[in-house]
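Text of the file structure_29.json, holding JSON, C-alpha atoms:
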[["chain", "number", "residue", "atom", "x", "y", "z"],
["F", 203, "MET", "CA", 37.04, -38.52, 4.63],
["F", 204, "LEU", "CA", 34.45, -35.98, 3.41],
["F", 205, "ILE", "CA", 31.78, -38.66, 3.04],
["F", 206, "LEU", "CA", 32.60, -40.01, 6.51],
["F", 207, "MET", "CA", 32.17, -36.53, 8.00],
["F", 208, "ILE", "CA", 28.82, -36.10, 6.22],
["F", 209, "VAL", "CA", 27.63, -39.51, 7.45],
["F", 210, "LEU", "CA", 28.74, -38.66, 11.00],
["F", 211, "ALA", "CA", 26.91, -35.31, 10.79],
["F", 212, "ILE", "CA", 23.75, -37.12, 9.64],
["F", 213, "ILE", "CA", 24.08, -39.56, 12.55],
["F", 214, "GLY", "CA", 24.56, -36.60, 14.90],
["F", 215, "GLY", "CA", 21.41, -34.99, 13.50],
["F", 216, "ALA", "CA", 19.47, -38.22, 13.97],
["F", 217, "ALA", "CA", 20.70, -38.41, 17.57],
["F", 218, "LEU", "CA", 19.50, -34.83, 18.16],
["F", 219, "SER", "CA", 16.00, -35.78, 16.96],
["F", 220, "VAL", "CA", 15.92, -38.76, 19.29],
["F", 221, "GLN", "CA", 17.20, -36.55, 22.12],
["F", 222, "ALA", "CA", 14.52, -33.94, 21.40],
["F", 223, "ALA", "CA", 11.74, -36.53, 21.45],
["F", 224, "LEU", "CA", 13.00, -38.12, 24.67],
["F", 225, "ASN", "CA", 13.61, -34.77, 26.38],
["F", 226, "GLY", "CA", 10.19, -33.53, 25.33],
["F", 227, "ARG", "CA", 8.53, -36.49, 27.06],
["F", 228, "LEU", "CA", 10.83, -36.24, 30.07],
["F", 229, "GLY", "CA", 10.24, -32.48, 30.33],
["F", 230, "SER", "CA", 6.48, -32.96, 30.34],
["F", 231, "ASN", "CA", 6.84, -35.42, 33.23],
["F", 232, "VAL", "CA", 9.50, -33.81, 35.43],
["F", 233, "GLY", "CA", 9.83, -30.24, 34.13],
["F", 234, "VAL", "CA", 11.72, -28.43, 31.41],
["F", 235, "PHE", "CA", 14.69, -27.35, 33.48],
["F", 236, "LYS", "CA", 15.16, -30.71, 35.21],
["F", 237, "SER", "CA", 15.21, -32.37, 31.80],
["F", 238, "ALA", "CA", 17.76, -29.83, 30.54],
["F", 239, "PHE", "CA", 19.83, -30.26, 33.70],
["F", 240, "LEU", "CA", 19.95, -34.02, 33.21],
["F", 241, "THR", "CA", 21.08, -33.57, 29.60],
["F", 242, "PHE", "CA", 23.90, -31.22, 30.56],
["F", 243, "SER", "CA", 24.94, -33.25, 33.62],
["F", 244, "VAL", "CA", 25.20, -36.52, 31.73],
["F", 245, "GLY", "CA", 26.89, -34.69, 28.85],
["F", 246, "ALA", "CA", 29.44, -33.14, 31.21],
["F", 247, "VAL", "CA", 30.30, -36.49, 32.80],
["F", 248, "VAL", "CA", 30.63, -38.30, 29.47],
["F", 249, "THR", "CA", 32.66, -35.45, 27.97],
["F", 250, "ALA", "CA", 34.95, -35.37, 31.01],
["F", 251, "LEU", "CA", 35.62, -39.09, 30.54],
["F", 252, "LEU", "CA", 36.29, -38.59, 26.82],
["F", 253, "ILE", "CA", 38.73, -35.77, 27.63],
["F", 254, "PHE", "CA", 40.49, -37.85, 30.26],
["F", 255, "PHE", "CA", 40.89, -40.94, 28.08],
["F", 256, "PHE", "CA", 41.07, -39.63, 24.51],
["F", 257, "GLU", "CA", 41.83, -35.89, 24.26],
["F", 258, "PRO", "CA", 45.37, -35.26, 23.02],
["F", 259, "SER", "CA", 47.46, -32.64, 24.77],
["F", 260, "HIS", "CA", 47.17, -29.06, 23.43],
["F", 261, "THR", "CA", 49.49, -26.13, 23.94],
["F", 262, "VAL", "CA", 46.54, -23.73, 24.35],
["F", 263, "THR", "CA", 44.11, -24.09, 27.25],
["F", 264, "LEU", "CA", 40.57, -22.80, 27.68],
["F", 265, "MET", "CA", 42.01, -19.95, 29.75],
["F", 266, "ASP", "CA", 44.32, -18.90, 26.88],
["F", 267, "VAL", "CA", 41.80, -18.54, 24.04],
["F", 268, "PRO", "CA", 40.00, -15.28, 23.28],
["F", 269, "LYS", "CA", 37.10, -15.08, 25.73],
["F", 270, "TRP", "CA", 34.48, -14.56, 23.00],
["F", 271, "GLN", "CA", 35.21, -18.12, 21.79],
["F", 272, "LEU", "CA", 33.93, -19.47, 25.11],
["F", 273, "LEU", "CA", 30.46, -18.03, 24.41],
["F", 274, "GLY", "CA", 29.72, -21.04, 22.21],
["F", 275, "ALA", "CA", 29.21, -23.02, 25.40],
["F", 276, "LEU", "CA", 26.14, -20.91, 26.15],
["F", 277, "CYS", "CA", 24.49, -21.65, 22.80],
["F", 278, "GLY", "CA", 23.48, -25.20, 23.79],
["F", 279, "ILE", "CA", 21.37, -23.99, 26.70],
["F", 280, "PRO", "CA", 18.62, -22.28, 24.71],
["F", 281, "TYR", "CA", 18.60, -25.15, 22.20],
["F", 282, "ILE", "CA", 17.92, -27.81, 24.86],
["F", 283, "VAL", "CA", 15.36, -25.74, 26.77],
["F", 284, "ILE", "CA", 13.53, -24.61, 23.62],
["F", 285, "MET", "CA", 13.42, -28.14, 22.20],
["F", 286, "VAL", "CA", 12.06, -29.61, 25.44],
["F", 287, "VAL", "CA", 9.22, -27.06, 25.32],
["F", 288, "ALA", "CA", 8.70, -27.05, 21.54],
["F", 289, "VAL", "CA", 8.52, -30.83, 21.08],
["F", 290, "GLN", "CA", 5.72, -31.00, 23.66],
["F", 291, "ARG", "CA", 3.69, -28.41, 21.75],
["F", 292, "ILE", "CA", 4.48, -28.84, 18.05],
["F", 293, "GLY", "CA", 5.99, -32.33, 17.82],
["F", 294, "THR", "CA", 9.46, -33.63, 17.08],
["F", 295, "ALA", "CA", 9.35, -33.25, 13.29],
["F", 296, "VAL", "CA", 8.21, -29.62, 13.19],
["F", 297, "ALA", "CA", 10.56, -28.62, 16.01],
["F", 298, "THR", "CA", 13.51, -30.38, 14.37],
["F", 299, "VAL", "CA", 12.91, -28.91, 10.91],
["F", 300, "ALA", "CA", 12.51, -25.47, 12.49],
["F", 301, "VAL", "CA", 15.85, -25.93, 14.27],
["F", 302, "ILE", "CA", 17.50, -27.07, 11.04],
["F", 303, "PHE", "CA", 16.05, -24.02, 9.25],
["F", 304, "GLY", "CA", 17.47, -21.77, 11.97],
["F", 305, "GLN", "CA", 20.84, -23.54, 11.78],
["F", 306, "LEU", "CA", 20.99, -23.30, 8.00],
["F", 307, "SER", "CA", 19.93, -19.65, 7.97],
["F", 308, "MET", "CA", 22.52, -18.61, 10.53],
["F", 309, "SER", "CA", 25.25, -20.78, 9.02],
["F", 310, "VAL", "CA", 24.69, -19.21, 5.60],
["F", 311, "LEU", "CA", 25.07, -15.76, 7.18],
["F", 312, "ILE", "CA", 28.20, -16.84, 9.08],
["F", 313, "ASP", "CA", 29.66, -18.26, 5.87],
["F", 314, "ASN", "CA", 28.72, -15.26, 3.75],
["F", 315, "PHE", "CA", 30.18, -12.64, 6.08],
["F", 316, "GLY", "CA", 33.02, -14.75, 7.50],
["F", 317, "TRP", "CA", 31.76, -14.10, 11.02],
["F", 318, "LEU", "CA", 33.39, -15.64, 14.11],
["F", 319, "GLY", "CA", 36.74, -16.08, 12.40],
["F", 320, "ASN", "CA", 35.45, -18.39, 9.68],
["F", 321, "GLU", "CA", 36.44, -18.20, 6.03],
["F", 322, "ALA", "CA", 33.87, -16.33, 3.93],
["F", 323, "ILE", "CA", 31.83, -18.45, 1.51],
["F", 324, "SER", "CA", 29.58, -16.41, -0.77],
["F", 325, "LEU", "CA", 25.81, -16.60, -0.63],
["F", 326, "THR", "CA", 24.87, -18.13, -3.97],
["F", 327, "ILE", "CA", 21.60, -18.72, -5.74],
["F", 328, "SER", "CA", 21.83, -22.44, -4.90],
["F", 329, "ARG", "CA", 22.28, -21.66, -1.19],
["F", 330, "MET", "CA", 19.28, -19.31, -1.28],
["F", 331, "ALA", "CA", 17.29, -22.02, -3.09],
["F", 332, "ALA", "CA", 18.24, -24.50, -0.36],
["F", 333, "LEU", "CA", 16.96, -22.07, 2.27],
["F", 334, "ALA", "CA", 13.72, -21.61, 0.33],
["F", 335, "CYS", "CA", 13.27, -25.39, -0.05],
["F", 336, "LEU", "CA", 13.79, -25.91, 3.66],
["F", 337, "ALA", "CA", 11.31, -23.13, 4.46],
["F", 338, "ILE", "CA", 8.78, -24.85, 2.19],
["F", 339, "ALA", "CA", 9.51, -28.18, 3.88],
["F", 340, "LEU", "CA", 8.94, -26.57, 7.27],
["F", 341, "TYR", "CA", 5.60, -25.20, 6.08],
["F", 342, "PHE", "CA", 4.43, -28.57, 4.73],
["F", 343, "ILE", "CA", 5.55, -30.52, 7.79],
["F", 344, "TYR", "CA", 3.82, -28.00, 10.03],
["F", 345, "ALA", "CA", 0.66, -27.92, 7.90],
["F", 346, "SER", "CA", 0.45, -31.73, 7.75],
["F", 347, "SER", "CA", 0.88, -32.03, 11.50],
["F", 348, "LYS", "CA", -2.03, -29.62, 12.02],
["F", 349, "SER", "CA", -4.34, -31.56, 9.70],
["F", 350, "GLU", "CA", -3.70, -35.08, 11.00],
["F", 351, "PRO", "CA", -5.52, -36.23, 14.15],
["F", 352, "LYS", "CA", -3.20, -37.14, 17.02],
["F", 353, "GLU", "CA", -3.19, -40.75, 18.15],
["F", 354, "ALA", "CA", -3.86, -41.54, 21.79],
["F", 355, "GLN", "CA", -0.65, -42.02, 23.73]]
Could you quickly redo this structure as structure tokens?
Amino acid sequence: MLILMIVLAIIGGAALSVQAALNGRLGSNVGVFKSAFLTFSVGAVVTALLIFFFEPSHTVTLMDVPKWQLLGALCGIPYIVIMVVAVQRIGTAVATVAVIFGQLSMSVLIDNFGWLGNEAISLTISRMAALACLAIALYFIYASSKSEPKEAQ
């Protein structure tokens, strides 16, 4: 089951890169906020259908949970808007690695301090090395994108 979850997470990450590239192009044609609106509208419709057909019944509703837990819904908004803008200016690869670096950095902090009700997982040398490697990867991907001439589109 662990390997399946890792594979699904990798597929999800790949889908986010495709989404970023498509939204970047769409945003340059119709506008950043229209592109973001389309993403959230389609996502809301598809999610509503998934809830209707597949979501099992729960004893707790969205109105019953602590209100701070609902703030996660707001976190997708800056991601979509920033990626639509960033991909247009720095490319899909640099924007995606920068997002992954931000995700990894924050997730290590959340794990280390047990924030947001999560179990604490200590910050180890290997986790710090992973952060450093990703920072180096971000630098090299950014530097190589600056040095290569862009092809005509």
Inset, instruction - Identify, on the basis of all atoms listed in the file, every residue whose closest approach to range 293-310 of chain F does not exceed 7 Å; exclude the query and any residue fewer than 3 positions from it along the same chain; express the result as a list of chain:residue names. - result: F:Ser219, F:Ala222, F:Ala223, F:Met285, F:Ala288, F:Val289, F:Gln290, F:Asp313, F:Asn314, F:Leu325, F:Leu333, F:Leu336, F:Ala337, F:Leu340, F:Ile343, F:Tyr344
Legend entry - Using all atoms listed in the file: which of F:Val262, F:Ile253, F:Ala238, F:Cys335 has the shortest distance to Gln221 in chain F: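 When distances to Gln221 in chain F are compared using all atoms listed in the file, the smallest one comes from F:Ala238.
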Legend entry - Straight-line distance linking CA of Leu218 in chain F with CA of Asn320 in chain F, stated in Å to one decimal: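 So the answer is 24.4 Å.
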Legend entry - CA of Val234 in chain F to CA of Ala345 in chain F, straight-line distance in Å: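 Interatomic distance, CA of Ala345 in chain F to CA of Val234 in chain F: 26.0 Å.
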Inset, instruction - Choose the residue, out of F:Ile292, F:Val267, F:Leu240, F:Leu311, that has the smallest atom-to-atom separation from Ser346 in chain F; count only C-alpha atoms. - result: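 Under the stated criterion, the closest residue is F:Ile292.
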Inset, instruction - Considering only C-alpha atoms, return as a list in words whatever protein or nucleic-acid residues lie within 10 Å of Ser230 in chain F, sequence-local ones (same chain, fewer than 2 positions apart) excluded. - result: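 The residues that qualify are Asn225, Gly226, Arg227, Leu228, Val232, Gly233, Val234, Ser237, Val286, Val287, Val289 and Gln290 of chain F.
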Legend entry - Computed interatomic separation between CA of Asn231 in chain F and CA of Gly214 in chain F (Å): 25.5 Å
Saving range 216-236 of chain F with N, CA and C atoms, as a tab-separated table (two decimals), in the first residue's frame, what would that file be?
chain	number	residue	atom	x	y	z
F	216	ALA	N	2.96	14.87	-11.25
F	216	ALA	CA	3.07	15.01	-12.71
F	216	ALA	C	1.86	15.77	-13.25
F	217	ALA	N	0.67	15.45	-12.72
F	217	ALA	CA	-0.53	16.16	-13.16
F	217	ALA	C	-0.45	17.65	-12.83
F	218	LEU	N	0.13	17.98	-11.67
F	218	LEU	CA	0.28	19.40	-11.31
F	218	LEU	C	1.20	20.13	-12.29
F	219	SER	N	2.25	19.46	-12.76
F	219	SER	CA	3.14	20.09	-13.73
F	219	SER	C	2.44	20.32	-15.06
F	220	VAL	N	1.65	19.35	-15.48
F	220	VAL	CA	0.87	19.52	-16.72
F	220	VAL	C	-0.13	20.66	-16.53
F	221	GLN	N	-0.80	20.67	-15.37
F	221	GLN	CA	-1.76	21.73	-15.09
F	221	GLN	C	-1.08	23.10	-15.11
F	222	ALA	N	0.09	23.20	-14.50
F	222	ALA	CA	0.81	24.48	-14.47
F	222	ALA	C	1.15	24.95	-15.88
F	223	ALA	N	1.64	24.05	-16.71
F	223	ALA	CA	2.00	24.42	-18.08
F	223	ALA	C	0.77	24.87	-18.86
F	224	LEU	N	-0.31	24.10	-18.74
F	224	LEU	CA	-1.54	24.46	-19.46
F	224	LEU	C	-2.13	25.77	-18.94
F	225	ASN	N	-2.18	25.93	-17.62
F	225	ASN	CA	-2.73	27.16	-17.05
F	225	ASN	C	-1.86	28.37	-17.37
F	226	GLY	N	-0.55	28.17	-17.45
F	226	GLY	CA	0.33	29.28	-17.82
F	226	GLY	C	0.01	29.80	-19.21
F	227	ARG	N	-0.16	28.87	-20.16
F	227	ARG	CA	-0.53	29.27	-21.52
F	227	ARG	C	-1.91	29.89	-21.56
F	228	LEU	N	-2.87	29.25	-20.88
F	228	LEU	CA	-4.23	29.78	-20.84
F	228	LEU	C	-4.24	31.17	-20.21
F	229	GLY	N	-3.53	31.34	-19.10
F	229	GLY	CA	-3.48	32.62	-18.41
F	229	GLY	C	-2.90	33.72	-19.27
F	230	SER	N	-1.92	33.37	-20.11
F	230	SER	CA	-1.34	34.41	-20.98
F	230	SER	C	-2.31	34.80	-22.08
F	231	ASN	N	-3.25	33.92	-22.40
F	231	ASN	CA	-4.24	34.23	-23.45
F	231	ASN	C	-5.49	34.90	-22.92
F	232	VAL	N	-6.00	34.45	-21.78
F	232	VAL	CA	-7.29	34.97	-21.31
F	232	VAL	C	-7.20	35.72	-19.98
F	233	GLY	N	-6.06	35.64	-19.31
F	233	GLY	CA	-5.88	36.32	-18.03
F	233	GLY	C	-5.69	35.34	-16.88
F	234	VAL	N	-4.93	35.77	-15.92
F	234	VAL	CA	-4.56	34.94	-14.77
F	234	VAL	C	-5.80	34.50	-14.00
F	235	PHE	N	-6.66	35.42	-13.66
F	235	PHE	CA	-7.79	35.10	-12.80
F	235	PHE	C	-8.86	34.28	-13.52
F	236	LYS	N	-9.03	34.49	-14.82
F	236	LYS	CA	-9.97	33.66	-15.57
F	236	LYS	C	-9.47	32.22	-15.64
